[in-house]
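Dropping protein36.csv in here (CSV, C-alpha atoms and all ligand atoms):
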chain,number,residue,atom,x,y,z
C,21,MET,CA,99.7,116.6,87.5
C,22,ALA,CA,101.4,120.0,86.9
C,23,SER,CA,98.8,122.7,86.2
C,24,THR,CA,101.1,124.6,83.9
C,25,ALA,CA,100.9,122.9,80.5
C,26,LEU,CA,103.6,125.0,78.8
C,27,ARG,CA,106.2,127.1,80.6
C,28,ILE,CA,108.5,129.0,78.2
C,29,ARG,CA,111.3,131.2,79.6
C,30,GLY,CA,113.7,133.5,77.9
C,31,LEU,CA,113.4,131.5,74.7
C,32,ARG,CA,115.7,132.5,71.8
C,33,LYS,CA,116.5,130.8,68.6
C,34,GLU,CA,119.1,131.9,66.1
C,35,TYR,CA,119.6,130.1,62.8
C,36,PRO,CA,123.0,130.4,61.0
C,37,GLY,CA,123.0,133.0,58.3
C,38,HIS,CA,123.8,132.3,54.7
C,39,ASP,CA,125.7,134.2,51.9
C,40,GLY,CA,127.6,136.5,54.3
C,41,HIS,CA,124.4,137.5,56.2
C,42,GLY,CA,124.4,137.4,60.0
C,43,PRO,CA,122.3,134.9,61.9
C,44,VAL,CA,118.6,134.9,61.6
C,45,VAL,CA,116.9,135.6,64.9
C,46,ALA,CA,113.7,133.6,64.7
C,47,VAL,CA,112.7,133.8,68.3
C,48,ASP,CA,114.0,136.8,70.3
C,49,GLY,CA,113.1,136.3,74.0
C,50,ILE,CA,109.7,134.7,74.5
C,51,ASP,CA,108.3,134.2,78.0
C,52,VAL,CA,104.8,132.6,78.3
C,53,ASP,CA,102.9,130.3,80.6
C,54,ILE,CA,99.9,128.3,79.3
C,55,GLU,CA,97.8,126.7,82.0
C,56,ALA,CA,96.3,123.2,81.6
C,57,GLY,CA,92.9,123.4,79.8
C,58,GLU,CA,93.6,126.7,78.1
C,59,ILE,CA,93.1,127.2,74.4
C,60,VAL,CA,95.6,129.7,73.1
C,61,ALA,CA,96.2,131.1,69.6
C,62,PHE,CA,99.7,132.2,68.5
C,63,LEU,CA,98.8,134.8,65.9
C,64,GLY,CA,101.3,136.4,63.7
C,65,PRO,CA,102.4,137.1,60.1
C,66,ASN,CA,104.8,134.9,58.0
C,67,GLY,CA,108.2,134.5,59.6
C,68,ALA,CA,107.0,135.8,63.0
C,69,GLY,CA,108.6,132.8,64.9
C,70,LYS,CA,105.4,130.8,65.6
C,71,THR,CA,106.6,127.5,64.1
C,72,THR,CA,110.0,127.8,65.6
C,73,THR,CA,108.5,128.3,69.1
C,74,LEU,CA,106.1,125.4,68.7
C,75,ASP,CA,108.9,123.1,67.3
C,76,ILE,CA,111.0,123.9,70.3
C,77,ALA,CA,108.1,123.1,72.6
C,78,LEU,CA,107.8,119.7,70.8
C,79,GLY,CA,111.5,119.0,71.3
C,80,LEU,CA,112.0,119.0,67.5
C,81,VAL,CA,114.5,122.0,67.5
C,82,PRO,CA,116.9,122.9,70.3
C,83,PRO,CA,116.7,126.5,71.5
C,84,THR,CA,119.8,128.8,71.4
C,85,ALA,CA,118.9,130.0,74.9
C,86,GLY,CA,116.1,129.7,77.3
C,87,SER,CA,113.9,126.8,78.4
C,88,VAL,CA,110.6,125.1,77.8
C,89,GLU,CA,108.8,122.8,80.2
C,90,VAL,CA,105.9,120.8,79.2
C,91,LEU,CA,103.8,119.6,82.1
C,92,GLY,CA,106.9,120.1,84.3
C,93,VAL,CA,109.2,118.0,82.2
C,94,SER,CA,111.3,118.5,79.1
C,95,PRO,CA,109.5,118.5,75.7
C,96,ARG,CA,111.1,115.2,74.7
C,97,GLN,CA,110.0,113.5,77.9
C,98,ALA,CA,106.5,114.9,77.4
C,99,VAL,CA,106.3,113.7,73.8
C,100,SER,CA,107.6,110.2,74.5
C,101,ALA,CA,105.1,109.9,77.4
C,102,GLY,CA,102.3,110.7,75.0
C,103,HIS,CA,101.3,113.8,77.0
C,104,VAL,CA,101.7,116.1,74.0
C,105,SER,CA,101.2,115.6,70.3
C,106,ALA,CA,101.0,117.8,67.3
C,107,VAL,CA,99.4,118.5,63.9
C,108,LEU,CA,102.2,120.1,61.9
C,109,GLN,CA,102.0,121.8,58.6
C,110,THR,CA,103.7,119.2,56.4
C,111,GLY,CA,105.3,115.8,56.3
C,112,GLY,CA,104.7,112.6,58.2
C,113,LEU,CA,102.3,110.8,55.8
C,114,LEU,CA,103.0,107.8,53.5
C,115,ARG,CA,101.2,108.5,50.3
C,116,ASP,CA,100.6,104.9,49.2
C,117,LEU,CA,99.0,103.8,52.5
C,118,ARG,CA,95.2,104.0,52.9
C,119,VAL,CA,93.8,106.3,55.6
C,120,GLY,CA,92.7,103.4,57.8
C,121,GLU,CA,96.0,101.6,57.4
C,122,THR,CA,97.8,104.7,58.4
C,123,VAL,CA,95.8,105.2,61.6
C,124,ARG,CA,96.2,101.5,62.5
C,125,ALA,CA,99.9,101.5,61.9
C,126,ILE,CA,100.6,104.5,64.1
C,127,ALA,CA,98.1,103.1,66.7
C,128,ALA,CA,100.2,99.9,66.9
C,129,LEU,CA,103.3,102.0,67.6
C,130,HIS,CA,101.5,103.7,70.5
C,131,GLY,CA,99.9,100.5,71.7
C,132,ALA,CA,96.6,102.3,71.0
C,133,GLY,CA,94.9,99.7,68.8
C,134,GLY,CA,91.7,100.0,70.8
C,135,ARG,CA,91.4,103.7,70.0
C,136,VAL,CA,91.5,103.4,66.2
C,137,GLU,CA,87.7,103.5,65.6
C,138,ASP,CA,87.0,106.2,68.1
C,139,VAL,CA,89.8,108.4,66.7
C,140,MET,CA,88.7,107.9,63.1
C,141,ARG,CA,85.2,108.9,64.0
C,142,ARG,CA,86.3,112.0,66.0
C,143,ALA,CA,88.5,113.2,63.2
C,144,GLY,CA,85.7,112.7,60.7
C,145,LEU,CA,87.6,110.0,58.8
C,146,ALA,CA,85.2,107.0,59.1
C,147,GLU,CA,84.1,107.3,55.5
C,148,LEU,CA,87.6,107.8,54.2
C,149,ALA,CA,89.2,104.7,55.7
C,150,ALA,CA,89.7,102.9,52.4
C,151,ARG,CA,91.0,106.0,50.5
C,152,LYS,CA,94.7,106.2,49.6
C,153,VAL,CA,96.5,109.1,51.3
C,154,SER,CA,97.7,110.4,47.9
C,155,GLN,CA,94.0,110.7,46.9
C,156,CYS,CA,93.0,112.8,49.9
C,157,SER,CA,92.6,116.6,49.7
C,158,GLY,CA,94.9,118.8,51.7
C,159,GLY,CA,92.1,119.3,54.3
C,160,GLU,CA,91.5,115.5,54.5
C,161,GLN,CA,95.3,114.9,55.0
C,162,GLN,CA,95.2,117.5,57.9
C,163,ARG,CA,92.3,115.5,59.4
C,164,LEU,CA,94.4,112.4,59.2
C,165,ARG,CA,97.3,114.2,60.9
C,166,PHE,CA,94.8,115.3,63.5
C,167,ALA,CA,93.6,111.7,64.0
C,168,LEU,CA,97.2,110.5,64.5
C,169,ALA,CA,97.8,113.3,67.0
C,170,LEU,CA,94.8,112.1,69.0
C,171,LEU,CA,96.0,108.4,69.2
C,172,PRO,CA,98.1,108.8,72.4
C,173,ASP,CA,95.2,110.7,74.0
C,174,PRO,CA,97.4,113.7,74.7
C,175,GLN,CA,96.8,116.3,77.4
C,176,ILE,CA,98.2,118.9,75.1
C,177,LEU,CA,97.6,119.4,71.4
C,178,VAL,CA,99.9,121.6,69.4
C,179,LEU,CA,98.6,122.6,66.0
C,180,ASP,CA,100.7,124.6,63.5
C,181,GLU,CA,98.3,126.2,61.1
C,182,PRO,CA,96.1,123.1,61.0
C,183,THR,CA,93.7,124.5,58.5
C,184,ALA,CA,96.2,125.7,56.0
C,185,GLY,CA,95.0,124.8,52.5
C,186,MET,CA,91.4,124.1,53.6
C,187,ASP,CA,88.4,126.0,52.2
C,188,ALA,CA,86.1,127.9,54.5
C,189,ALA,CA,83.7,125.0,54.9
C,190,ALA,CA,86.5,122.5,55.7
C,191,ARG,CA,88.0,125.0,58.1
C,192,ARG,CA,84.7,125.4,59.9
C,193,ASP,CA,84.3,121.6,60.2
C,194,PHE,CA,87.8,121.2,61.5
C,195,TRP,CA,87.2,123.7,64.3
C,196,GLU,CA,83.9,122.2,65.2
C,197,THR,CA,85.7,118.9,65.7
C,198,MET,CA,88.4,120.6,67.7
C,199,ARG,CA,85.8,122.3,69.9
C,200,ALA,CA,84.4,118.9,70.9
C,201,GLU,CA,88.0,117.8,71.8
C,202,THR,CA,88.6,120.8,74.0
C,203,HIS,CA,85.4,120.1,75.9
C,204,GLN,CA,87.3,117.1,77.2
C,205,GLY,CA,89.7,119.4,79.0
C,206,ARG,CA,92.7,119.3,76.7
C,207,THR,CA,95.1,122.1,76.4
C,208,VAL,CA,95.3,123.4,72.8
C,209,VAL,CA,97.9,125.7,71.4
C,210,PHE,CA,97.7,126.6,67.8
C,211,ALA,CA,99.5,128.9,65.4
C,212,THR,CA,97.4,130.7,62.8
C,213,HIS,CA,97.4,133.5,60.3
C,214,TYR,CA,93.6,133.5,60.3
C,215,LEU,CA,92.5,136.2,62.6
C,216,GLU,CA,89.0,134.9,62.6
C,217,GLU,CA,90.2,131.5,63.8
C,218,ALA,CA,91.8,133.1,66.9
C,219,GLN,CA,88.6,135.1,67.4
C,220,ALA,CA,86.3,132.2,67.0
C,221,PHE,CA,88.2,129.6,68.9
C,222,ALA,CA,90.8,130.9,71.3
C,223,PRO,CA,89.8,132.9,74.4
C,224,ARG,CA,93.4,134.0,74.7
C,225,THR,CA,95.7,135.2,71.9
C,226,VAL,CA,99.4,135.7,72.0
C,227,LEU,CA,100.4,138.1,69.2
C,228,ILE,CA,103.9,137.3,67.9
C,229,ASP,CA,105.9,139.4,65.5
C,230,HIS,CA,109.7,139.5,64.7
C,231,GLY,CA,110.3,136.8,67.3
C,232,ARG,CA,108.7,138.6,70.2
C,233,ILE,CA,105.4,138.7,72.0
C,234,ARG,CA,103.7,141.9,71.1
C,235,ALA,CA,100.5,141.3,73.2
C,236,ASP,CA,99.1,138.5,75.3
C,237,ARG,CA,95.5,139.0,76.2
C,238,PRO,CA,92.0,137.7,76.1
C,239,THR,CA,91.2,137.7,72.4
C,240,ASP,CA,88.1,139.9,72.9
C,241,GLU,CA,90.1,142.5,74.8
C,242,LEU,CA,92.8,142.5,72.1
C,243,ARG,CA,90.1,143.2,69.5
C,244,ASN,CA,88.8,146.0,71.5
C,245,LEU,CA,92.2,147.4,72.3
C,246,VAL,CA,92.7,149.2,69.1
C,247,GLY,CA,90.1,150.8,66.9
C,248,ASP,CA,86.7,152.0,67.7
C,249,ARG,CA,83.4,150.3,67.2
C,250,THR,CA,80.6,151.9,65.1
C,251,ALA,CA,76.9,151.8,65.8
C,252,ALA,CA,74.8,152.7,62.7
C,253,ALA,CA,71.0,153.0,62.3
C,254,THR,CA,68.5,154.5,59.9
C,255,VAL,CA,66.6,157.3,61.7
C,256,PRO,CA,63.2,158.7,60.7
C,257,PRO,CA,63.3,161.4,57.9
C,258,GLY,CA,63.5,164.9,59.3
C,259,THR,CA,65.6,163.9,62.4
C,260,SER,CA,67.2,167.2,63.4
C,261,ASP,CA,70.8,167.8,64.1
C,262,ALA,CA,69.8,168.9,67.5
C,263,ALA,CA,68.4,165.4,68.1
C,264,LEU,CA,71.8,164.0,67.2
C,265,ALA,CA,73.4,166.2,69.8
C,266,ALA,CA,72.5,163.7,72.5
C,267,LEU,CA,74.5,161.1,70.6
C,268,ARG,CA,77.5,163.4,70.3
C,269,ALA,CA,77.3,164.2,74.0
C,270,LEU,CA,77.8,160.5,75.0
C,271,ASP,CA,81.0,159.8,76.8
C,272,GLY,CA,83.1,157.6,74.5
C,273,ILE,CA,81.6,158.7,71.2
C,274,ARG,CA,84.0,160.8,69.3
C,275,GLU,CA,82.3,161.2,65.9
C,276,VAL,CA,78.7,161.2,64.6
C,277,ARG,CA,78.1,161.3,60.9
C,278,ALA,CA,74.8,161.5,59.1
C,279,ASP,CA,74.5,160.3,55.5
C,280,GLY,CA,70.9,160.9,54.5
C,281,ASN,CA,68.9,159.1,57.2
C,282,ARG,CA,71.8,156.7,58.1
C,283,VAL,CA,73.5,157.8,61.2
C,284,VAL,CA,76.9,156.4,62.2
C,285,ALA,CA,78.4,156.9,65.7
C,286,THR,CA,82.0,156.0,66.2
C,287,GLY,CA,83.8,155.4,69.5
C,288,THR,CA,84.2,153.0,72.3
C,289,ALA,CA,80.6,153.4,73.7
C,290,SER,CA,78.9,151.6,70.9
C,291,ASP,CA,76.3,150.0,73.3
C,292,ASP,CA,75.2,153.4,74.6
C,293,ALA,CA,75.0,154.8,71.1
C,294,ALA,CA,73.0,151.8,69.9
C,295,ARG,CA,70.5,152.2,72.7
C,296,LEU,CA,70.0,155.9,72.0
C,297,LEU,CA,69.7,155.3,68.3
C,298,LEU,CA,67.0,152.7,68.8
C,299,THR,CA,65.1,154.5,71.6
C,300,THR,CA,65.3,158.3,71.7
C,301,LEU,CA,66.0,158.6,68.0
C,302,GLY,CA,63.5,156.0,66.8
C,303,GLY,CA,66.1,154.3,64.6
C,304,ARG,CA,65.9,150.9,62.9
C,305,ASP,CA,68.3,148.5,61.0
C,306,LEU,CA,70.9,148.8,63.7
C,307,GLU,CA,74.4,147.6,62.9
C,308,VAL,CA,77.3,147.4,65.3
C,309,THR,CA,80.7,146.6,64.0
C,310,ALA,CA,83.8,145.8,66.0
C,311,PRO,CA,87.4,146.3,64.7
C,312,SER,CA,88.8,143.1,63.2
C,313,LEU,CA,91.8,141.5,64.9
C,314,GLU,CA,93.7,142.3,61.7
C,315,SER,CA,93.3,146.0,62.3
C,316,ALA,CA,94.2,145.5,65.9
C,317,PHE,CA,97.3,143.5,64.9
C,318,PHE,CA,98.6,146.1,62.5
C,319,ALA,CA,97.9,149.0,64.8
C,320,LEU,CA,99.5,147.2,67.8
C,321,THR,CA,102.6,146.2,65.9
C,322,GLU,CA,103.0,149.7,64.5
C,323,THR,CA,102.5,151.3,67.9
C,324,LEU,CA,105.0,148.9,69.5
C,325,HIS,CA,107.6,149.4,66.8
C,326,GLN,CA,107.4,153.1,67.4
C,327,ASP,CA,107.2,153.1,71.2
C,328,PRO,CA,110.8,153.4,72.6
C,329,ALA,CA,109.5,152.1,76.0
C,330,GLN,CA,109.1,148.7,74.3
C,331,GLY,CA,112.6,148.8,73.1
C,332,PRO,CA,113.6,149.0,69.4
C,333,VAL,CA,113.1,146.0,67.2
C,334,SER,CA,116.7,145.0,66.4
C,335,GLU,CA,117.7,145.2,62.8
C,336,LYS,CA,118.7,141.6,62.9
C,337,THR,CA,115.3,140.5,64.1
C,338,ARG,CA,113.6,142.8,61.6
C,339,GLU,CA,115.7,141.2,58.8
C,340,ALA,CA,114.6,137.8,60.1
C,341,GLY,CA,111.0,138.7,59.9
C,342,GLU,CA,111.3,140.0,56.4
C,343,ARG,CA,113.0,137.1,54.8
Z,1,LIG,N1,115.8,126.1,59.5
Z,1,LIG,C1,115.9,127.4,59.3
Z,1,LIG,N2,117.0,128.0,58.9
Z,1,LIG,C2,117.1,129.3,58.8
Z,1,LIG,N3,116.1,130.2,59.0
Z,1,LIG,C3,114.9,129.6,59.4
Z,1,LIG,C4,114.7,128.2,59.6
Z,1,LIG,N4,113.5,128.0,60.1
Z,1,LIG,C5,112.9,129.2,60.2
Z,1,LIG,N5,113.8,130.2,59.8
Z,1,LIG,C6,113.5,131.7,59.8
Z,1,LIG,O1,113.1,132.0,61.1
Z,1,LIG,C7,112.1,133.0,61.1
Z,1,LIG,C8,110.9,132.5,61.8
Z,1,LIG,O2,110.3,131.4,61.1
Z,1,LIG,P1,109.0,130.6,61.6
Z,1,LIG,O3,108.8,129.5,60.6
Z,1,LIG,O4,109.2,130.2,63.0
Z,1,LIG,O5,107.9,131.7,61.5
Z,1,LIG,P2,106.3,131.5,61.5
Z,1,LIG,O6,105.7,132.6,62.3
Z,1,LIG,O7,105.9,130.1,61.8
Z,1,LIG,O8,106.0,131.8,60.0
Z,1,LIG,P3,104.8,131.1,59.0
Z,1,LIG,O9,103.6,131.7,59.5
Z,1,LIG,O10,105.2,131.6,57.7
Z,1,LIG,O11,105.0,129.6,59.2
Z,1,LIG,C9,111.8,133.3,59.6
Z,1,LIG,O12,112.6,134.4,59.2
Z,1,LIG,C10,112.3,132.0,58.9
Z,1,LIG,O13,112.8,132.3,57.6

Just give me the structure as structure tokens.
Amino acid sequence: MASTALRIRGLRKEYPGHDGHGPVVAVDGIDVDIEAGEIVAFLGPNGAGKTTTLDIALGLVPPTAGSVEVLGVSPRQAVSAGHVSAVLQTGGLLRDLRVGETVRAIAALHGAGGRVEDVMRRAGLAELAARKVSQCSGGEQQRLRFALALLPDPQILVLDEPTAGMDAAARRDFWETMRAETHQGRTVVFATHYLEEAQAFAPRTVLIDHGRIRADRPTDELRNLVGDRTAAATVPPGTSDAALAALRALDGIREVRADGNRVVATGTASDDAARLLLTTLGGRDLEVTAPSLESAFFALTETLHQDPAQGPVSEKTREAGER
């Protein structure tokens, strides 16, 4: 079996323009390899090109240029062999069928009748089997799409904003189910706007904006890349400024502020600052905060837009992203 699940090279997609506008460049040169067993988030704002990239990887949309291999074969071959399946944002469900009927019907197409019960249970649908699809919530319908995607027992699952429209609890349940699936060695690639989803679920994040990859790193590293951490603690009354000097002297701490007895140290060396706050300074109520992926995302995209070494973002691409 090929160990590279997804191999994308020089991928570009232009959609024809309308009303005298030039073509929309949805994907502007993406290269990425995803190894078997990886869980990878495609993170980016609206119109970044995530869906287009995933649709090409599923053989739903032809690229303008470049290539995609899925487990060493074309996307269409991989899909028809049942090696890859997807949970897409919309479509694909018949509203008048019941949940159980839907799963059985699709299972029959795949010759997977024996898997119906197992898949329903894994997607958390056992209790909903008799409910009409039209009476399911958006989150329940996404679970149904998820169950259908599991039927061929795919090696790769592609999820395009699978939790769109779910509330926080449903989202958490969904990702718990997914986590169990990935323990079985599946490759999972998902698109999301939810920074906390990438952070909670994907060890690797590919940051996409204006049709290009802006960063491709371990998610934790990405979070640390931009923005400092803070370590804050409440120190005993009367702690002198001289005592805080030790904190200021730490390598990697660039600012120390005291607001009453609450001392906040900002910089990359938050662990060292925390240790000093709790020991030498006798502090309590320690809080360490890391920058959110959101702030990393905006800082990174800003930096990259301004950095000529990365090449200017073409006007055409910028337009595409702003539509
Ligand atoms: N069929 C199409 N015809 C014309 N333009 C399109 C088409 N599909 C997508 N686009 C445009 O291509 C760009 C990328 O869209 P895409 O849906 O891939 O982004 P996305 O990152 O998935 O966004 P979202 O998070 O909103 O789903 C956008 O500017 C979008 O308007």

Can you build me a table of chain C residues sitting at most 6 Å from ligand LIG 1 (chain Z), with the closest atom pair per residue and its distance in Å to one decimal, using only C-alpha atoms and all ligand atoms, sorted by chain and residue number, as JSON lines?
{"residue": "C:Tyr35", "atom": "CA", "partner": "Z:LIG1", "partner_atom": "C2", "distance": 4.8}
{"residue": "C:Val44", "atom": "CA", "partner": "Z:LIG1", "partner_atom": "N3", "distance": 5.9}
{"residue": "C:Ala46", "atom": "CA", "partner": "Z:LIG1", "partner_atom": "O1", "distance": 4.0}
{"residue": "C:Gly64", "atom": "CA", "partner": "Z:LIG1", "partner_atom": "O6", "distance": 6.0}
{"residue": "C:Pro65", "atom": "CA", "partner": "Z:LIG1", "partner_atom": "O9", "distance": 5.6}
{"residue": "C:Asn66", "atom": "CA", "partner": "Z:LIG1", "partner_atom": "O10", "distance": 3.3}
{"residue": "C:Gly67", "atom": "CA", "partner": "Z:LIG1", "partner_atom": "O5", "distance": 3.4}
{"residue": "C:Ala68", "atom": "CA", "partner": "Z:LIG1", "partner_atom": "O6", "distance": 3.5}
{"residue": "C:Gly69", "atom": "CA", "partner": "Z:LIG1", "partner_atom": "O4", "distance": 3.3}
{"residue": "C:Lys70", "atom": "CA", "partner": "Z:LIG1", "partner_atom": "O6", "distance": 3.8}
{"residue": "C:Thr71", "atom": "CA", "partner": "Z:LIG1", "partner_atom": "O7", "distance": 3.5}
{"residue": "C:Thr72", "atom": "CA", "partner": "Z:LIG1", "partner_atom": "O4", "distance": 3.6}
{"residue": "C:Ala340", "atom": "CA", "partner": "Z:LIG1", "partner_atom": "O12", "distance": 4.0}
{"residue": "C:Gly341", "atom": "CA", "partner": "Z:LIG1", "partner_atom": "O12", "distance": 4.6}
{"residue": "C:Arg343", "atom": "CA", "partner": "Z:LIG1", "partner_atom": "O12", "distance": 5.2}

Using only C-alpha atoms, can you tell me which of C:Thr254, C:Ala200, C:Leu63, C:Arg27 comes closest to Thr239 of chain C?
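Using only C-alpha atoms, Thr239 of chain C sits closest to C:Leu63.
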
For the point (105.9, 120.8, 80.4) in file coordinates, what residues are within 8 Å, counting all atoms listed in the file? Give the answer as an NGL selection string?
:C and (22 or 24-27 or 88-95 or 98)

Pick from C:Ala211, C:Ala294, C:Val123, C:Ile28: nearest to Ile273 of chain C, with all atoms listed in the file counted?
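Of C:Ala211, C:Ala294, C:Val123, C:Ile28, the one nearest Ile273 of chain C is C:Ala294, counting all atoms listed in the file.
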
Taking all atoms listed in the file into account, name the residue in C:Ala189, C:Val276, C:Val255, C:Ala262 that is nearest to Leu297 of chain C.
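Among the listed residues, the smallest separation from Leu297 of chain C belongs to C:Val255.
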
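In this model, the gap between atom CA of Gly79 of chain C and atom CA of Gly159 of chain C comes to 25.8 Å.
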
Return the single residue from C:Met198, C:Leu78, C:Ile50, C:Thr207 that is closest to Ser23 of chain C, with distances computed using only C-alpha atoms.
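Checking each of C:Met198, C:Leu78, C:Ile50, C:Thr207 against Ser23 of chain C, counting only C-alpha atoms, the winner is C:Thr207.
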
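Take atom CA of Leu168 of chain C and atom CA of Gly57 of chain C: the distance between them is 20.5 Å.
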
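Counting all atoms listed in the file and comparing C:Met186, C:Ala265, C:Ile176, C:Leu306, the residue that lies closest to Gln204 of chain C is C:Ile176.
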
Between atom CA of Thr122 of chain C and atom CA of Leu171 of chain C - distance in Å to one decimal:
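Spanning atom CA of Leu171 of chain C to atom CA of Thr122 of chain C is a straight-line distance of 11.6 Å.
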
May I have the protein, DNA and RNA residues with any atom at most 6 Å from the point (113.1, 136.3, 74.2), counting only C-alpha atoms, written as an mmCIF file with C-alpha atoms, in the coordinates of the input?
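As written to disk, point33.cif reads:
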data_model
loop_
_atom_site.group_PDB
_atom_site.id
_atom_site.type_symbol
_atom_site.label_atom_id
_atom_site.label_comp_id
_atom_site.auth_asym_id
_atom_site.auth_seq_id
_atom_site.Cartn_x
_atom_site.Cartn_y
_atom_site.Cartn_z
ATOM 1 C CA GLY C 30 113.700 133.500 77.900
ATOM 2 C CA LEU C 31 113.400 131.500 74.700
ATOM 3 C CA ARG C 32 115.700 132.500 71.800
ATOM 4 C CA ASP C 48 114.000 136.800 70.300
ATOM 5 C CA GLY C 49 113.100 136.300 74.000
ATOM 6 C CA ILE C 50 109.700 134.700 74.500
#

Wanna dump the segment 146-199 of chain C-segment 215-218 of chain C contacts at 10 Å for me, each residue with its shortest atom pair and the distance in Å to one decimal, counting all atoms listed in the file, ordered by chain and number, as JSON lines?
{"residue": "C:Thr183", "atom": "CA", "partner": "C:Glu217", "partner_atom": "CA", "distance": 9.5}
{"residue": "C:Arg191", "atom": "CA", "partner": "C:Glu217", "partner_atom": "CA", "distance": 8.9}
{"residue": "C:Arg192", "atom": "CA", "partner": "C:Glu217", "partner_atom": "CA", "distance": 9.1}
{"residue": "C:Trp195", "atom": "CA", "partner": "C:Glu217", "partner_atom": "CA", "distance": 8.4}

Within 12 Å of Ala184 of chain C using all atoms listed in the file, minus same-chain residues under 2 positions, as a short mmCIF file (atom, residue, chain, number, x, y, z; two decimals) with C-alpha atoms, in the frame of the given file:
data_model
loop_
_atom_site.label_atom_id
_atom_site.label_comp_id
_atom_site.auth_asym_id
_atom_site.auth_seq_id
_atom_site.Cartn_x
_atom_site.Cartn_y
_atom_site.Cartn_z
CA VAL C 107 99.40 118.50 63.90
CA LEU C 108 102.20 120.10 61.90
CA GLN C 109 102.00 121.80 58.60
CA THR C 110 103.70 119.20 56.40
CA SER C 157 92.60 116.60 49.70
CA GLY C 158 94.90 118.80 51.70
CA GLY C 159 92.10 119.30 54.30
CA GLU C 160 91.50 115.50 54.50
CA GLN C 161 95.30 114.90 55.00
CA GLN C 162 95.20 117.50 57.90
CA ARG C 163 92.30 115.50 59.40
CA LEU C 179 98.60 122.60 66.00
CA ASP C 180 100.70 124.60 63.50
CA GLU C 181 98.30 126.20 61.10
CA PRO C 182 96.10 123.10 61.00
CA MET C 186 91.40 124.10 53.60
CA ASP C 187 88.40 126.00 52.20
CA ALA C 188 86.10 127.90 54.50
CA ALA C 190 86.50 122.50 55.70
CA ARG C 191 88.00 125.00 58.10
CA PHE C 194 87.80 121.20 61.50
CA PHE C 210 97.70 126.60 67.80
CA ALA C 211 99.50 128.90 65.40
CA THR C 212 97.40 130.70 62.80
CA HIS C 213 97.40 133.50 60.30
CA TYR C 214 93.60 133.50 60.30
CA GLU C 217 90.20 131.50 63.80
#

Let me make sure I understand: among C:Val104, C:Ala125, C:Ala251, C:Leu170, which one has the smallest atom-to-atom distance to Asp138 of chain C if we use all atoms listed in the file?
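Among C:Val104, C:Ala125, C:Ala251, C:Leu170, it is C:Leu170 that comes nearest to Asp138 of chain C.
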
So that I can check the surroundings of Gly303 of chain C, please list as JSON, numbers by chain every protein, DNA and RNA residue that reaches within 9 Å of it, counting only C-alpha atoms and ignoring chain neighbours fewer than 4 positions away.
{"C": [253, 254, 255, 256, 282, 283, 296, 297, 298, 299]}
